[in-house]
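S.K.: This is upload.pdb (PDB, C-alpha atoms).
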```pdb
MODEL        1
ATOM      1  CA  MET A   1      81.115 167.208 131.278  1.00  0.00           C
ATOM      2  CA  GLY A   2      78.729 164.692 129.883  1.00  0.00           C
ATOM      3  CA  ILE A   3      77.987 161.015 130.159  1.00  0.00           C
ATOM      4  CA  ARG A   4      77.409 158.448 127.452  1.00  0.00           C
ATOM      5  CA  PHE A   5      75.798 155.107 128.196  1.00  0.00           C
ATOM      6  CA  ASP A   6      76.874 152.430 125.717  1.00  0.00           C
ATOM      7  CA  TYR A   7      75.273 149.393 127.357  1.00  0.00           C
ATOM      8  CA  LEU A   8      72.425 149.050 129.857  1.00  0.00           C
ATOM      9  CA  HIS A   9      71.205 145.663 131.044  1.00  0.00           C
ATOM     10  CA  ALA A  10      68.884 144.954 133.953  1.00  0.00           C
ATOM     11  CA  GLU A  11      67.286 141.597 134.599  1.00  0.00           C
ATOM     12  CA  ARG A  12      64.811 140.661 137.310  1.00  0.00           C
ATOM     13  CA  LEU A  13      65.479 137.028 138.166  1.00  0.00           C
ATOM     14  CA  GLN A  14      62.506 136.576 140.498  1.00  0.00           C
ATOM     15  CA  LEU A  15      59.882 138.526 142.405  1.00  0.00           C
ATOM     16  CA  ILE A  16      60.900 139.839 145.802  1.00  0.00           C
ATOM     17  CA  PRO A  17      59.376 137.722 148.544  1.00  0.00           C
ATOM     18  CA  PRO A  18      57.509 139.862 151.125  1.00  0.00           C
ATOM     19  CA  GLN A  19      59.565 141.245 154.023  1.00  0.00           C
ATOM     20  CA  THR A  20      62.875 140.413 152.267  1.00  0.00           C
ATOM     21  CA  GLN A  21      65.913 142.591 152.828  1.00  0.00           C
ATOM     22  CA  VAL A  22      67.871 143.063 149.592  1.00  0.00           C
ATOM     23  CA  ALA A  23      71.583 143.908 149.602  1.00  0.00           C
ATOM     24  CA  PHE A  24      73.691 144.780 146.574  1.00  0.00           C
ATOM     25  CA  ASN A  25      77.243 143.879 145.684  1.00  0.00           C
ATOM     26  CA  VAL A  26      78.388 146.713 143.400  1.00  0.00           C
ATOM     27  CA  ASN A  27      81.575 146.806 141.354  1.00  0.00           C
ATOM     28  CA  LEU A  28      82.252 150.140 139.619  1.00  0.00           C
ATOM     29  CA  VAL A  29      85.397 150.236 137.481  1.00  0.00           C
ATOM     30  CA  ILE A  30      86.677 153.559 136.117  1.00  0.00           C
ATOM     31  CA  GLY A  31      89.212 153.484 133.284  1.00  0.00           C
ATOM     32  CA  PRO A  32      91.941 152.563 132.757  1.00  0.00           C
ATOM     33  CA  ASN A  33      91.725 153.297 129.020  1.00  0.00           C
ATOM     34  CA  ALA A  34      91.030 157.040 129.028  1.00  0.00           C
ATOM     35  CA  VAL A  35      91.442 158.508 125.538  1.00  0.00           C
ATOM     36  CA  VAL A  36      92.419 162.112 124.772  1.00  0.00           C
ATOM     37  CA  ARG A  37      91.309 163.736 121.516  1.00  0.00           C
ATOM     38  CA  GLY A  38      92.472 167.353 121.437  1.00  0.00           C
ATOM     39  CA  ASP A  39      90.664 169.110 124.279  1.00  0.00           C
ATOM     40  CA  ILE A  40      88.370 166.147 125.090  1.00  0.00           C
ATOM     41  CA  VAL A  41      89.018 163.101 127.261  1.00  0.00           C
ATOM     42  CA  GLU A  42      86.749 160.035 127.299  1.00  0.00           C
ATOM     43  CA  ILE A  43      86.924 158.001 130.499  1.00  0.00           C
ATOM     44  CA  PRO A  44      85.324 154.559 130.195  1.00  0.00           C
ATOM     45  CA  PHE A  45      83.507 152.947 133.111  1.00  0.00           C
ATOM     46  CA  SER A  46      81.577 149.790 133.866  1.00  0.00           C
ATOM     47  CA  LEU A  47      79.281 148.788 136.689  1.00  0.00           C
ATOM     48  CA  ALA A  48      78.061 145.370 137.730  1.00  0.00           C
ATOM     49  CA  ALA A  49      75.459 145.133 140.511  1.00  0.00           C
ATOM     50  CA  ILE A  50      74.209 141.823 141.854  1.00  0.00           C
ATOM     51  CA  SER A  51      71.584 141.512 144.564  1.00  0.00           C
ATOM     52  CA  ASN A  52      71.613 139.184 147.556  1.00  0.00           C
ATOM     53  CA  PRO A  53      69.315 137.270 147.539  1.00  0.00           C
ATOM     54  CA  SER A  54      69.595 136.781 143.803  1.00  0.00           C
ATOM     55  CA  ILE A  55      66.702 138.932 142.584  1.00  0.00           C
ATOM     56  CA  VAL A  56      68.270 141.302 140.048  1.00  0.00           C
ATOM     57  CA  ASN A  57      71.451 141.740 137.985  1.00  0.00           C
ATOM     58  CA  ILE A  58      72.447 145.075 136.451  1.00  0.00           C
ATOM     59  CA  SER A  59      75.298 145.873 134.037  1.00  0.00           C
ATOM     60  CA  ILE A  60      76.133 149.332 132.716  1.00  0.00           C
ATOM     61  CA  ARG A  61      78.991 150.499 130.488  1.00  0.00           C
ATOM     62  CA  GLY A  62      79.731 153.947 129.148  1.00  0.00           C
ATOM     63  CA  ALA A  63      82.094 156.906 129.267  1.00  0.00           C
ATOM     64  CA  LEU A  64      82.430 160.226 131.028  1.00  0.00           C
ATOM     65  CA  ILE A  65      83.354 162.914 128.506  1.00  0.00           C
ATOM     66  CA  ILE A  66      85.221 166.001 129.692  1.00  0.00           C
ATOM     67  CA  GLN A  67      86.196 168.968 127.564  1.00  0.00           C
ATOM     68  CA  GLY A  68      88.703 171.553 128.760  1.00  0.00           C
ATOM     69  CA  ASP A  69      92.238 172.824 128.428  1.00  0.00           C
ATOM     70  CA  PRO A  70      94.309 170.211 126.507  1.00  0.00           C
ATOM     71  CA  ARG A  71      96.913 170.041 129.303  1.00  0.00           C
ATOM     72  CA  GLN A  72      94.236 169.544 131.950  1.00  0.00           C
ATOM     73  CA  VAL A  73      92.473 166.767 130.060  1.00  0.00           C
ATOM     74  CA  GLU A  74      95.840 165.091 129.431  1.00  0.00           C
ATOM     75  CA  ASP A  75      96.563 165.188 133.183  1.00  0.00           C
ATOM     76  CA  ILE A  76      93.133 163.719 133.924  1.00  0.00           C
ATOM     77  CA  ALA A  77      93.729 160.901 131.409  1.00  0.00           C
ATOM     78  CA  LYS A  78      97.154 160.136 132.930  1.00  0.00           C
ATOM     79  CA  SER A  79      95.620 159.945 136.415  1.00  0.00           C
ATOM     80  CA  VAL A  80      92.833 157.640 135.256  1.00  0.00           C
ATOM     81  CA  ASN A  81      95.198 155.416 133.262  1.00  0.00           C
ATOM     82  CA  SER A  82      97.521 155.075 136.269  1.00  0.00           C
ATOM     83  CA  GLY A  83      94.594 153.799 138.357  1.00  0.00           C
ATOM     84  CA  LYS A  84      94.186 156.989 140.399  1.00  0.00           C
ATOM     85  CA  SER A  85      91.022 158.652 139.089  1.00  0.00           C
ATOM     86  CA  PRO A  86      90.507 162.194 140.393  1.00  0.00           C
ATOM     87  CA  GLN A  87      87.758 162.425 142.987  1.00  0.00           C
ATOM     88  CA  PHE A  88      85.565 164.671 140.817  1.00  0.00           C
ATOM     89  CA  VAL A  89      85.667 161.983 138.079  1.00  0.00           C
ATOM     90  CA  GLN A  90      84.591 159.322 140.574  1.00  0.00           C
ATOM     91  CA  MET A  91      81.816 161.566 141.910  1.00  0.00           C
ATOM     92  CA  MET A  92      80.452 162.460 138.467  1.00  0.00           C
ATOM     93  CA  ILE A  93      80.413 158.876 137.228  1.00  0.00           C
ATOM     94  CA  GLY A  94      78.941 157.631 140.508  1.00  0.00           C
ATOM     95  CA  GLN A  95      76.208 160.247 140.498  1.00  0.00           C
ATOM     96  CA  TYR A  96      75.064 159.445 136.955  1.00  0.00           C
ATOM     97  CA  VAL A  97      75.429 155.667 137.214  1.00  0.00           C
ATOM     98  CA  PHE A  98      73.684 155.202 140.556  1.00  0.00           C
ATOM     99  CA  PHE A  99      70.816 157.414 139.377  1.00  0.00           C
ATOM    100  CA  GLU A 100      70.487 155.180 136.298  1.00  0.00           C
ATOM    101  CA  VAL A 101      70.598 152.039 138.481  1.00  0.00           C
ATOM    102  CA  ASN A 102      67.723 153.385 140.568  1.00  0.00           C
ATOM    103  CA  LEU A 103      65.706 154.079 137.400  1.00  0.00           C
ATOM    104  CA  LEU A 104      66.312 150.526 136.174  1.00  0.00           C
ATOM    105  CA  LEU A 105      65.302 149.088 139.561  1.00  0.00           C
ATOM    106  CA  LYS A 106      62.104 151.142 139.500  1.00  0.00           C
ATOM    107  CA  GLU A 107      61.257 149.884 135.999  1.00  0.00           C
ATOM    108  CA  LEU A 108      61.678 146.297 137.218  1.00  0.00           C
ATOM    109  CA  GLY A 109      59.370 146.920 140.178  1.00  0.00           C
ATOM    110  CA  ILE A 110      62.151 146.721 142.747  1.00  0.00           C
ATOM    111  CA  PRO A 111      62.408 149.459 145.389  1.00  0.00           C
ATOM    112  CA  PRO A 112      65.441 151.685 144.790  1.00  0.00           C
ATOM    113  CA  ALA A 113      68.253 150.528 147.018  1.00  0.00           C
ATOM    114  CA  MET A 114      71.340 152.220 145.578  1.00  0.00           C
ATOM    115  CA  PRO A 115      72.615 155.434 147.150  1.00  0.00           C
ATOM    116  CA  ILE A 116      72.926 158.340 144.750  1.00  0.00           C
ATOM    117  CA  ALA A 117      76.368 159.902 145.119  1.00  0.00           C
ATOM    118  CA  PRO A 118      76.368 163.388 146.646  1.00  0.00           C
ATOM    119  CA  PRO A 119      77.157 166.295 144.317  1.00  0.00           C
ATOM    120  CA  PRO A 120      80.848 167.086 143.812  1.00  0.00           C
ATOM    121  CA  GLN A 121      82.409 169.335 146.423  1.00  0.00           C
ATOM    122  CA  GLN A 122      82.716 173.008 145.621  1.00  0.00           C
ATOM    123  CA  GLN A 123      86.160 174.044 144.414  1.00  0.00           C
ATOM    124  CA  ARG A 124      88.071 176.401 146.650  1.00  0.00           C
ATOM    125  CA  GLN A 125      88.442 179.942 145.423  1.00  0.00           C
ATOM    126  CA  GLY A 126      91.442 180.273 143.130  1.00  0.00           C
ATOM    127  CA  GLU A 127      91.295 176.641 141.942  1.00  0.00           C
ATOM    128  CA  GLY A 128      89.073 177.358 138.952  1.00  0.00           C
ATOM    129  CA  THR A 129      88.973 174.844 136.114  1.00  0.00           C
ATOM    130  CA  THR A 130      86.969 175.537 132.992  1.00  0.00           C
ATOM    131  CA  MET A 131      85.459 172.429 131.429  1.00  0.00           C
ATOM    132  CA  TYR A 132      82.450 172.029 129.168  1.00  0.00           C
ATOM    133  CA  ALA A 133      80.128 169.164 128.342  1.00  0.00           C
TER     134      ALA A 133
ENDMDL
END
```
Now, as a test, write the supplied structure out as structure tokens.
M.R.:
Amino acid sequence: MGIRFDYLHAERLQLIPPQTQVAFNVNLVIGPNAVVRGDIVEIPFSLAAISNPSIVNISIRGALIIQGDPRQVEDIAKSVNSGKSPQFVQMMIGQYVFFEVNLLLKELGIPPAMPIAPPPQQQRQGEGTTMYA
């Protein structure tokens, strides 16, 4: 698995007044236009994060790239395109994207406020899936 960022935009609209609590409204969209090319599937995503009060706006677009058995990647693409992304896809995208959001916030001088998604759950024995980034 790998991630590709196609667009990163972060804009500080104003300095944070002292003692201000900042909340974020985050919209993360996965798919629905997953594309299969042989044994690779590209799953597009986009994130928009807006702070309240209006201090920062962040936009990120990219794709999660998974390589594996052609039947498995086709099944993953069908799930994503039907609006039901597998949990491991959601976890991987969330982990990468929220880490990137925190880096952007740090560069703008804003304390990190986005939770980084926990690592994907371990697969149960016998459910092995071989995929490469």
S.K.: What residues come out when you apply the PyMOL selection byres ((chain A and resi 58) around 12) to this file, written as a PyMOL selection string?
M.R.: chain A and resi 7-13+24-28+46-51+54-57+59-61+97-98+100-105+108+114
S.K.: Show me a table, sorted first by chain and then by increasing residue number, of the residues of range 2-66 of chain A having an atom at most 7 Å from range 76-83 of chain A, each with its shortest atom pair and the distance in Å to one decimal, counting all atoms listed in the file and written as a Markdown table.
M.R.:
```
| residue | atom | partner | partner_atom | distance |
| --- | --- | --- | --- | --- |
| A:Gly31 | CA | A:Val80 | CA | 5.9 |
| A:Pro32 | CA | A:Asn81 | CA | 4.4 |
| A:Asn33 | CA | A:Asn81 | CA | 5.9 |
| A:Ala34 | CA | A:Ala77 | CA | 5.3 |
| A:Val35 | CA | A:Ala77 | CA | 6.7 |
| A:Val36 | CA | A:Ala77 | CA | 6.9 |
| A:Val41 | CA | A:Ala77 | CA | 6.7 |
```
S.K.: Go through A:Glu107, A:Pro70, A:Gly62, A:Asp6 one by one, measure the shortest atom-to-atom distance of each to Ile30 in chain A using only C-alpha atoms, and give the residue with the smallest value.
M.R.: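 Once distances to Ile30 in chain A are computed over only C-alpha atoms, the minimum belongs to A:Gly62.
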S.K.: Kindly list the centre and edge lengths in Å, rounded to one decimal, for the axis-aligned box that covers all listed atoms of range 18-29 of chain A plus 3 Å on each of its six sides, as lines of an AutoDock Vina configuration file.
M.R.:
```
center_x = 71.5
center_y = 145.0
center_z = 145.8
size_x = 33.9
size_y = 16.4
size_z = 22.5
```
S.K.: Please determine, counting all atoms listed in the file, which residue among A:Phe99, A:Gln87, A:Ile3, A:Pro17 has the shortest atom-to-atom distance to Pro44 in chain A.
M.R.: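 Checking each of A:Phe99, A:Gln87, A:Ile3, A:Pro17 against Pro44 in chain A, counting all atoms listed in the file, the winner is A:Ile3.
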S.K.: Closest to Gln72 in chain A among A:Met1, A:Val89, A:Ile40, A:Val29, using all atoms listed in the file?
M.R.: A:Ile40
S.K.: For the atom pair CA of Glu74 in chain A and CA of Phe88 in chain A, what is the interatomic distance in Å to one decimal place?
M.R.: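 These two atoms are separated by 15.3 Å.
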S.K.: Just to confirm, what's the straight-line distance from CA of Arg71 in chain A to CA of Met92 in chain A in Å (one decimal)?
M.R.: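 Taking CA of Arg71 in chain A as the start and CA of Met92 in chain A as the end point, the length is 20.3 Å.
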S.K.: Using Å and a single decimal, report how far CA of Met91 in chain A sits from CA of Ile65 in chain A.
M.R.: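 A separation of 13.6 Å between them.
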S.K.: Ranking A:Pro53, A:Ala23, A:Leu15, A:Ile66 by minimum distance to Asp39 in chain A and counting only C-alpha atoms, which one comes first?
M.R.: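 Using only C-alpha atoms, the shortest distance to Asp39 in chain A belongs to A:Ile66.
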S.K.: Given the choices A:Asn52, A:Gln95, A:Pro112, A:Gln90, which gets closest to Thr20 in chain A if the distance is worked out from only C-alpha atoms?
M.R.: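 Of the candidates, the smallest distance to Thr20 in chain A is held by A:Asn52.
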S.K.: Tell me which of A:Leu64, A:Gly38, A:Ile16, A:Ile43 sits closest to Tyr96 in chain A, counting all atoms listed in the file.
M.R.: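 Going through A:Leu64, A:Gly38, A:Ile16, A:Ile43 one by one, the smallest distance to Tyr96 in chain A is for A:Leu64.
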